[in-house]
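*Asks:* Structure: upload-v1.txt, compact mmCIF, C-alpha atoms and all ligand atoms.
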# COMPACT_ATOMS: atom_id res chain seq x y z
CA MET A 1 73.56 147.35 141.28
CA ARG A 2 72.14 145.83 144.46
CA LEU A 3 71.75 142.27 143.11
CA LYS A 4 74.75 142.04 140.81
CA GLY A 5 75.44 138.42 139.80
CA LYS A 6 72.69 136.96 141.99
CA SER A 7 70.57 134.24 140.39
CA ALA A 8 66.90 134.96 141.10
CA LEU A 9 63.91 132.74 140.32
CA ILE A 10 60.62 134.59 140.20
CA THR A 11 57.34 132.68 139.88
CA GLY A 12 54.26 134.34 138.47
CA ALA A 13 56.68 136.54 136.54
CA GLY A 14 54.36 136.87 133.57
CA SER A 15 52.11 139.49 135.15
CA GLY A 16 51.67 142.09 137.84
CA ILE A 17 53.92 141.96 140.89
CA GLY A 18 56.05 139.07 139.62
CA ARG A 19 56.68 140.78 136.29
CA ALA A 20 57.59 144.10 137.93
CA THR A 21 59.90 142.30 140.35
CA ALA A 22 61.65 140.41 137.56
CA ILE A 23 62.25 143.63 135.65
CA ARG A 24 63.40 145.52 138.78
CA PHE A 25 65.77 142.73 139.84
CA ALA A 26 67.31 142.50 136.37
CA ALA A 27 67.87 146.27 136.36
CA GLU A 28 69.81 145.76 139.61
CA GLY A 29 72.08 143.18 137.99
CA ALA A 30 70.27 139.95 138.88
CA LEU A 31 70.33 136.94 136.57
CA VAL A 32 66.60 136.36 136.37
CA THR A 33 64.66 133.16 135.72
CA ALA A 34 61.13 134.33 134.94
CA SER A 35 58.66 131.51 135.51
CA ASP A 36 54.93 131.40 134.86
CA ILE A 37 52.20 128.89 134.09
CA SER A 38 51.77 130.91 130.91
CA ASP A 39 54.87 130.27 128.80
CA ALA A 40 54.00 133.19 126.54
CA ALA A 41 53.78 135.60 129.48
CA ALA A 42 57.13 134.44 130.88
CA VAL A 43 58.74 134.84 127.46
CA GLU A 44 57.29 138.34 127.15
CA THR A 45 58.80 139.37 130.51
CA VAL A 46 62.16 137.97 129.44
CA ALA A 47 61.97 139.95 126.20
CA ALA A 48 61.26 143.16 128.15
CA ILE A 49 64.26 142.51 130.41
CA ARG A 50 66.61 141.76 127.53
CA GLU A 51 65.42 144.82 125.63
CA ALA A 52 66.44 146.91 128.64
CA GLY A 53 69.89 145.28 128.62
CA GLY A 54 69.26 142.78 131.43
CA GLU A 55 69.86 139.04 131.68
CA ALA A 56 66.90 136.66 131.89
CA THR A 57 65.68 133.24 130.91
CA ALA A 58 62.11 131.92 130.77
CA ALA A 59 60.82 128.80 132.51
CA GLY A 60 57.23 127.60 132.27
CA GLY A 61 55.42 125.45 134.77
CA ASP A 62 52.69 125.13 137.37
CA VAL A 63 53.95 125.84 140.91
CA ALA A 64 51.33 123.45 142.30
CA GLN A 65 52.93 120.46 140.50
CA ASP A 66 55.97 119.03 142.22
CA GLY A 67 57.79 118.16 138.97
CA ASP A 68 57.18 121.62 137.53
CA ALA A 69 58.35 123.33 140.71
CA ASN A 70 61.55 121.31 140.59
CA GLY A 71 61.87 122.07 136.87
CA MET A 72 61.81 125.83 137.34
CA VAL A 73 64.44 125.66 140.10
CA GLN A 74 66.64 123.49 137.87
CA ALA A 75 66.13 125.89 134.96
CA ALA A 76 67.62 128.68 137.07
CA VAL A 77 70.56 126.49 138.12
CA ASP A 78 71.13 125.27 134.54
CA ALA A 79 71.11 128.83 133.23
CA TYR A 80 73.23 130.53 135.89
CA GLY A 81 74.94 127.77 137.88
CA ARG A 82 73.50 128.82 141.24
CA LEU A 83 70.37 130.06 143.03
CA ASP A 84 70.43 132.97 145.46
CA VAL A 85 66.91 134.42 145.51
CA VAL A 86 63.38 133.05 145.08
CA VAL A 87 60.28 135.21 144.87
CA ASN A 88 57.10 133.15 145.17
CA SER A 89 54.69 135.47 143.41
CA ALA A 90 52.51 132.99 141.49
CA GLY A 91 49.04 133.23 142.95
CA ILE A 92 45.34 133.26 142.24
CA SER A 93 42.24 134.71 143.82
CA ALA A 94 39.06 132.71 144.42
CA ARG A 95 37.44 134.81 141.66
CA SER A 96 39.92 133.68 139.04
CA ALA A 97 40.71 130.19 140.34
CA LEU A 98 38.32 128.17 138.18
CA PRO A 99 35.58 128.77 135.58
CA GLU A 100 32.22 129.88 136.93
CA GLY A 101 30.12 126.97 138.14
CA ALA A 102 33.00 125.10 139.80
CA SER A 103 32.13 123.67 143.20
CA HIS A 104 33.07 125.58 146.34
CA GLU A 105 35.28 122.67 147.35
CA ALA A 106 37.14 122.69 144.02
CA VAL A 107 37.76 126.45 144.34
CA TRP A 108 39.07 126.00 147.90
CA ASP A 109 41.45 123.23 146.78
CA LYS A 110 42.70 125.19 143.77
CA VAL A 111 43.45 128.37 145.74
CA MET A 112 45.24 126.40 148.45
CA ASP A 113 47.17 124.39 145.87
CA VAL A 114 48.53 127.38 144.00
CA ASN A 115 48.98 129.94 146.78
CA LEU A 116 50.14 127.76 149.68
CA LYS A 117 51.30 124.43 148.29
CA GLY A 118 52.98 126.17 145.33
CA THR A 119 54.97 128.38 147.70
CA TYR A 120 55.97 125.29 149.66
CA LEU A 121 56.95 123.19 146.63
CA VAL A 122 59.14 125.83 144.99
CA SER A 123 60.83 126.56 148.34
CA TRP A 124 61.35 122.84 148.94
CA HIS A 125 63.28 122.44 145.70
CA ALA A 126 65.06 125.78 146.01
CA VAL A 127 66.57 125.26 149.46
CA PRO A 128 69.21 122.61 148.54
CA GLU A 129 70.37 124.77 145.64
CA MET A 130 70.54 127.86 147.83
CA GLU A 131 72.56 125.90 150.38
CA ARG A 132 74.99 124.92 147.61
CA SER A 133 75.23 128.63 146.73
CA GLY A 134 76.13 129.50 150.32
CA GLY A 135 72.77 130.92 151.43
CA GLY A 136 70.04 133.06 149.99
CA SER A 137 66.73 134.84 150.35
CA ILE A 138 63.21 133.49 149.85
CA ILE A 139 60.45 136.08 149.50
CA ASN A 140 56.85 134.94 149.65
CA LEU A 141 53.84 136.94 148.58
CA ALA A 142 51.38 136.84 151.45
CA SER A 143 48.83 139.66 151.65
CA ILE A 144 47.28 142.15 153.97
CA MET A 145 44.53 139.50 153.93
CA ALA A 146 46.83 137.30 156.02
CA LEU A 147 46.37 139.86 158.78
CA VAL A 148 42.78 141.12 158.47
CA GLY A 149 39.44 139.82 157.20
CA TYR A 150 38.06 140.66 153.78
CA PRO A 151 36.16 143.92 153.55
CA VAL A 152 32.40 143.49 153.75
CA GLY A 153 31.00 142.86 150.29
CA MET A 154 34.38 142.08 148.73
CA GLY A 155 34.84 138.42 149.60
CA GLY A 156 33.13 136.44 152.30
CA GLY A 157 33.98 134.32 155.27
CA PHE A 158 34.41 131.15 153.28
CA ASN A 159 36.83 132.71 150.80
CA PRO A 160 39.96 130.51 150.72
CA TYR A 161 42.26 133.37 149.68
CA ASN A 162 42.70 134.79 153.21
CA ALA A 163 43.31 131.33 154.64
CA SER A 164 45.89 130.57 151.95
CA LYS A 165 47.76 133.81 152.68
CA GLY A 166 47.58 133.24 156.43
CA GLY A 167 49.21 129.91 155.68
CA VAL A 168 51.92 131.59 153.62
CA LEU A 169 52.69 133.92 156.53
CA GLN A 170 53.01 131.08 159.02
CA PHE A 171 54.99 128.94 156.56
CA THR A 172 57.35 131.90 156.17
CA ARG A 173 57.96 132.17 159.91
CA ASN A 174 58.48 128.45 160.32
CA LEU A 175 60.84 128.09 157.39
CA ALA A 176 62.80 131.17 158.47
CA ILE A 177 63.64 129.56 161.80
CA ASP A 178 64.56 126.25 160.19
CA MET A 179 66.75 127.87 157.53
CA ALA A 180 68.53 130.46 159.65
CA SER A 181 71.51 128.22 160.37
CA LYS A 182 71.91 127.62 156.62
CA GLY A 183 72.16 131.34 155.86
CA ILE A 184 68.83 131.36 154.03
CA ARG A 185 66.53 134.22 155.00
CA VAL A 186 62.78 133.76 154.50
CA ASN A 187 60.40 136.70 154.56
CA CYS A 188 57.03 137.62 153.13
CA ILE A 189 55.44 140.75 151.83
CA CYS A 190 51.89 141.70 152.81
CA PRO A 191 50.65 144.06 150.11
CA GLY A 192 47.44 146.03 150.27
CA TYR A 193 45.41 146.11 147.07
CA VAL A 194 47.68 146.42 144.05
CA GLU A 195 46.54 147.25 140.53
CA THR A 196 47.22 144.08 138.55
CA ASN A 197 45.25 141.55 136.52
CA MET A 198 44.29 139.90 139.81
CA THR A 199 42.36 142.91 141.04
CA GLN A 200 41.07 144.07 137.65
CA ALA A 201 37.51 142.87 138.40
CA LEU A 202 37.45 145.29 141.36
CA THR A 203 39.49 148.18 139.98
CA GLY A 204 37.57 148.10 136.69
CA ASN A 205 34.36 149.02 138.51
CA PRO A 206 34.33 152.71 139.54
CA ASP A 207 32.34 152.05 142.71
CA SER A 208 34.51 149.27 144.08
CA TYR A 209 37.65 151.11 142.91
CA ALA A 210 36.65 154.20 144.91
CA ALA A 211 35.72 152.06 147.93
CA LEU A 212 39.08 150.31 147.83
CA LYS A 213 41.04 153.55 147.52
CA GLY A 214 39.18 154.82 150.57
CA ARG A 215 40.53 151.92 152.60
CA HIS A 216 44.15 152.94 151.91
CA PRO A 217 45.06 156.09 153.89
CA LEU A 218 47.64 157.11 151.27
CA GLY A 219 44.67 157.59 148.95
CA ARG A 220 45.63 155.20 146.20
CA LEU A 221 46.05 151.51 145.49
CA GLY A 222 49.51 150.00 145.21
CA GLN A 223 51.37 149.68 141.94
CA PRO A 224 53.42 146.56 141.11
CA ASP A 225 56.63 148.59 141.47
CA ASP A 226 55.74 149.43 145.09
CA ILE A 227 55.94 145.71 145.86
CA ALA A 228 58.95 145.07 143.60
CA ASN A 229 60.88 147.70 145.58
CA ALA A 230 60.07 145.92 148.85
CA ALA A 231 61.13 142.60 147.33
CA LEU A 232 64.39 144.21 146.20
CA PHE A 233 65.15 145.25 149.76
CA LEU A 234 64.44 141.76 151.11
CA ALA A 235 66.55 140.15 148.37
CA SER A 236 69.49 142.47 148.90
CA ASP A 237 72.26 142.35 151.49
CA GLU A 238 70.69 145.45 153.08
CA ALA A 239 68.19 143.01 154.63
CA ALA A 240 70.94 140.77 156.04
CA PHE A 241 69.39 140.84 159.55
CA VAL A 242 65.77 140.43 158.40
CA THR A 243 64.19 137.00 158.52
CA GLY A 244 60.77 135.57 159.40
CA ALA A 245 59.23 138.99 158.86
CA PRO A 246 55.99 140.05 157.28
CA LEU A 247 56.81 143.32 155.48
CA ILE A 248 53.57 145.29 155.24
CA VAL A 249 53.37 147.41 152.07
CA ASP A 250 49.80 148.63 152.05
CA GLY A 251 49.46 152.41 152.00
CA GLY A 252 48.35 152.31 155.64
CA TYR A 253 45.48 149.84 155.11
CA ARG A 254 46.23 147.80 158.20
CA ALA A 255 47.22 150.72 160.42
CA ARG A 256 43.80 152.22 159.77
CA LEU A 257 42.02 149.01 160.74
CA VAL A 258 44.12 148.65 163.87
CA ALA A 259 43.25 152.21 164.82
CA LEU A 260 39.55 151.39 164.44
CA THR A 261 39.62 148.36 166.71
N1 LIG A 301 47.22 142.39 143.42
C1 LIG A 301 47.02 142.48 144.72
O1 LIG A 301 46.23 143.33 145.19
C2 LIG A 301 47.73 141.57 145.68
C3 LIG A 301 47.67 141.89 147.04
C4 LIG A 301 48.30 141.06 147.95
C5 LIG A 301 48.99 139.94 147.51
N2 LIG A 301 49.02 139.65 146.18
C6 LIG A 301 49.74 138.44 145.79
O2 LIG A 301 50.80 138.79 144.94
C7 LIG A 301 51.05 137.72 144.03
C8 LIG A 301 51.04 138.27 142.62
O3 LIG A 301 49.74 138.75 142.34
P1 LIG A 301 49.44 139.74 141.12
O4 LIG A 301 48.52 140.75 141.63
O5 LIG A 301 50.70 140.13 140.47
O6 LIG A 301 48.58 138.75 140.18
P2 LIG A 301 48.59 138.56 138.61
O7 LIG A 301 47.33 137.81 138.33
O8 LIG A 301 48.82 139.84 137.90
O9 LIG A 301 49.86 137.62 138.36
C9 LIG A 301 49.90 136.32 138.85
C10 LIG A 301 50.73 135.46 137.90
O10 LIG A 301 50.79 134.14 138.45
C11 LIG A 301 50.65 133.21 137.39
N3 LIG A 301 50.12 131.95 137.91
C12 LIG A 301 48.87 131.68 138.34
N4 LIG A 301 48.76 130.40 138.71
C13 LIG A 301 49.98 129.86 138.54
C14 LIG A 301 50.51 128.56 138.76
N5 LIG A 301 49.73 127.57 139.22
N6 LIG A 301 51.81 128.34 138.49
C15 LIG A 301 52.60 129.32 138.00
N7 LIG A 301 52.15 130.57 137.75
C16 LIG A 301 50.86 130.82 138.02
C17 LIG A 301 49.67 133.87 136.44
O11 LIG A 301 49.75 133.30 135.11
C18 LIG A 301 50.11 135.33 136.50
O12 LIG A 301 51.07 135.62 135.50
C19 LIG A 301 49.98 136.67 144.30
O13 LIG A 301 50.49 135.68 145.15
C20 LIG A 301 48.90 137.46 145.00
O14 LIG A 301 48.09 136.65 145.80
C21 LIG A 301 48.41 140.44 145.26
Take the structure I supplied and represent it as structure tokens, if you would.

*Replies:*
Amino acid sequence: MRLKGKSALITGAGSGIGRATAIRFAAEGALVTASDISDAAAVETVAAIREAGGEATAAGGDVAQDGDANGMVQAAVDAYGRLDVVVNSAGISARSALPEGASHEAVWDKVMDVNLKGTYLVSWHAVPEMERSGGGSIINLASIMALVGYPVGMGGGFNPYNASKGGVLQFTRNLAIDMASKGIRVNCICPGYVETNMTQALTGNPDSYAALKGRHPLGRLGQPDDIANAALFLASDEAAFVTGAPLIVDGGYRARLVALT
């Protein structure tokens, strides 16, 4: 039990990486607050955790709204009396940000709001509670796209997703330095492509699926549990000397690009 008794808030816990992380953390003894903009999805994750014998509570809300971000932090404190770990996994791609036909500017704003501002807002409200709990660990979901450009044909230079994740990486470094004296560690994970709802449009097409697999030297895309395991390490005391770090979990995606340049 690597997280026994730790209160962990996980945003975007209704799907993909956030859901897998919530389930993994609960299996390691964490008291999980599963938050998502979809109440139903958060409740479903909580049900899965409880069915497996874990402890969890659901909290809805939009991470890009200050009041909601505060509300999910308070939900964790109300339920478990403390806050030790936050995983900022709520996120959207440019593809899924808004209905087709939305302006390029509206898509840019939406992706930045959810991915970057949402990470900031939840962290902002979480820090005082973590201080009261004697320290903690914030884990942000950046991306391999914080470190490299989009593959040709898969995005485009004006895609806000890379910029939002680059922002998450730099926010992580900055906050880590600021929070070190408070005993709060702040790290981010840079996953390669992971098979979730977010990437379904690409993985559902055999051609793009094969092309993506070819970009990962391990010969497969990531699974949500690959990322949940990395988050577990960063949340646990085993990572006591790790802060301000981008943890790359990408099947060799970036190493291959570095080798090519
Ligand atoms: N899947 C990948 O290949 C991949 C790679 C690198 C990084 N990431 C990042 O990992 C995180 C999780 O992605 P995923 O693949 O699990 O996606 P996903 O679409 O499966 O899950 C994202 C969850 O976030 C929730 N969400 C969206 N907007 C929200 C908001 N405004 N407030 C609260 N919740 C909101 C969604 O309802 C959904 O349940 C994201 O930040 C994503 O950018 C994903």

*Asks:* So which residues are near ligand LIG 301 (chain A), meaning at most 8 Å away with only C-alpha atoms and all ligand atoms counted, given back as a PyMOL selection string?

*Replies:* chain A and resi 11-19+35-38+41-42+60-65+88-93+113-115+118+140-145+161+165+189-199+222+224

*Asks:* Next, the residues of the selection above should be written as an mmCIF file, keeping the file's coordinate frame with C-alpha atoms.

*Replies:*
data_model
loop_
_atom_site.group_PDB
_atom_site.id
_atom_site.type_symbol
_atom_site.label_atom_id
_atom_site.label_comp_id
_atom_site.auth_asym_id
_atom_site.auth_seq_id
_atom_site.Cartn_x
_atom_site.Cartn_y
_atom_site.Cartn_z
ATOM 1 C CA THR A 11 57.340 132.680 139.880
ATOM 2 C CA GLY A 12 54.260 134.340 138.470
ATOM 3 C CA ALA A 13 56.680 136.540 136.540
ATOM 4 C CA GLY A 14 54.360 136.870 133.570
ATOM 5 C CA SER A 15 52.110 139.490 135.150
ATOM 6 C CA GLY A 16 51.670 142.090 137.840
ATOM 7 C CA ILE A 17 53.920 141.960 140.890
ATOM 8 C CA GLY A 18 56.050 139.070 139.620
ATOM 9 C CA ARG A 19 56.680 140.780 136.290
ATOM 10 C CA SER A 35 58.660 131.510 135.510
ATOM 11 C CA ASP A 36 54.930 131.400 134.860
ATOM 12 C CA ILE A 37 52.200 128.890 134.090
ATOM 13 C CA SER A 38 51.770 130.910 130.910
ATOM 14 C CA ALA A 41 53.780 135.600 129.480
ATOM 15 C CA ALA A 42 57.130 134.440 130.880
ATOM 16 C CA GLY A 60 57.230 127.600 132.270
ATOM 17 C CA GLY A 61 55.420 125.450 134.770
ATOM 18 C CA ASP A 62 52.690 125.130 137.370
ATOM 19 C CA VAL A 63 53.950 125.840 140.910
ATOM 20 C CA ALA A 64 51.330 123.450 142.300
ATOM 21 C CA GLN A 65 52.930 120.460 140.500
ATOM 22 C CA ASN A 88 57.100 133.150 145.170
ATOM 23 C CA SER A 89 54.690 135.470 143.410
ATOM 24 C CA ALA A 90 52.510 132.990 141.490
ATOM 25 C CA GLY A 91 49.040 133.230 142.950
ATOM 26 C CA ILE A 92 45.340 133.260 142.240
ATOM 27 C CA SER A 93 42.240 134.710 143.820
ATOM 28 C CA ASP A 113 47.170 124.390 145.870
ATOM 29 C CA VAL A 114 48.530 127.380 144.000
ATOM 30 C CA ASN A 115 48.980 129.940 146.780
ATOM 31 C CA GLY A 118 52.980 126.170 145.330
ATOM 32 C CA ASN A 140 56.850 134.940 149.650
ATOM 33 C CA LEU A 141 53.840 136.940 148.580
ATOM 34 C CA ALA A 142 51.380 136.840 151.450
ATOM 35 C CA SER A 143 48.830 139.660 151.650
ATOM 36 C CA ILE A 144 47.280 142.150 153.970
ATOM 37 C CA MET A 145 44.530 139.500 153.930
ATOM 38 C CA TYR A 161 42.260 133.370 149.680
ATOM 39 C CA LYS A 165 47.760 133.810 152.680
ATOM 40 C CA ILE A 189 55.440 140.750 151.830
ATOM 41 C CA CYS A 190 51.890 141.700 152.810
ATOM 42 C CA PRO A 191 50.650 144.060 150.110
ATOM 43 C CA GLY A 192 47.440 146.030 150.270
ATOM 44 C CA TYR A 193 45.410 146.110 147.070
ATOM 45 C CA VAL A 194 47.680 146.420 144.050
ATOM 46 C CA GLU A 195 46.540 147.250 140.530
ATOM 47 C CA THR A 196 47.220 144.080 138.550
ATOM 48 C CA ASN A 197 45.250 141.550 136.520
ATOM 49 C CA MET A 198 44.290 139.900 139.810
ATOM 50 C CA THR A 199 42.360 142.910 141.040
ATOM 51 C CA GLY A 222 49.510 150.000 145.210
ATOM 52 C CA PRO A 224 53.420 146.560 141.110
#

*Asks:* What gap, in Å, lies between atom CA of Arg132 of chain A and atom CA of Leu3 of chain A?

*Replies:*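 These atoms are spaced 18.2 Å apart.
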
*Asks:* One decimal, Å: what's the distance from atom CA of Asp84 of chain A over to atom CA of Ser123 of chain A, could you say?

*Replies:*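 So the two atoms, atom CA of Asp84 of chain A and atom CA of Ser123 of chain A, lie 11.9 Å apart.
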
*Asks:* Kindly indicate which residue among A:Ala235, A:Val148, A:Val122, A:Ala30 lies nearest to Val73 of chain A, using all atoms listed in the file for the distances.

*Replies:* A:Val122

*Asks:* Determine, counting all atoms listed in the file, which protein, DNA and RNA residues have an atom within 9 Å of an atom of Gly134 of chain A; residues of the same chain fewer than 6 positions away are not included. Present the result as a list in words.

*Replies:*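 Contacts, with the query itself left out: Asp84, Lys182, Gly183 and Ile184 of chain A.
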
*Asks:* When you draw a straight line from atom CA of Asn159 of chain A to atom CA of Ala34 of chain A, how long is it in Å?

*Replies:* 29.1 Å

*Asks:* Which is closest to Leu218 of chain A among A:Val249, A:Cys188, A:Leu202, A:Ala94, if we use all atoms listed in the file?

*Replies:* A:Val249

*Asks:* What lies within 9 Å of Leu232 of chain A using all atoms listed in the file, ignoring chain neighbours under 6 positions off, as a PDB file with C-alpha atoms, keeping the file's coordinate frame?

*Replies:*
ATOM      1  CA  ARG A   2      72.140 145.830 144.460  1.00  0.00           C
ATOM      2  CA  LEU A   3      71.750 142.270 143.110  1.00  0.00           C
ATOM      3  CA  THR A  21      59.900 142.300 140.350  1.00  0.00           C
ATOM      4  CA  ARG A  24      63.400 145.520 138.780  1.00  0.00           C
ATOM      5  CA  PHE A  25      65.770 142.730 139.840  1.00  0.00           C
ATOM      6  CA  GLU A  28      69.810 145.760 139.610  1.00  0.00           C
TER       7      GLU A  28
END

*Asks:* Choose the residue, out of A:Glu238, A:Asp250, A:Glu129, A:Asp207, that has the smallest atom-to-atom separation from Ala75 of chain A; count only C-alpha atoms.

*Replies:*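 That would be A:Glu129, the residue with the smallest distance to Ala75 of chain A.
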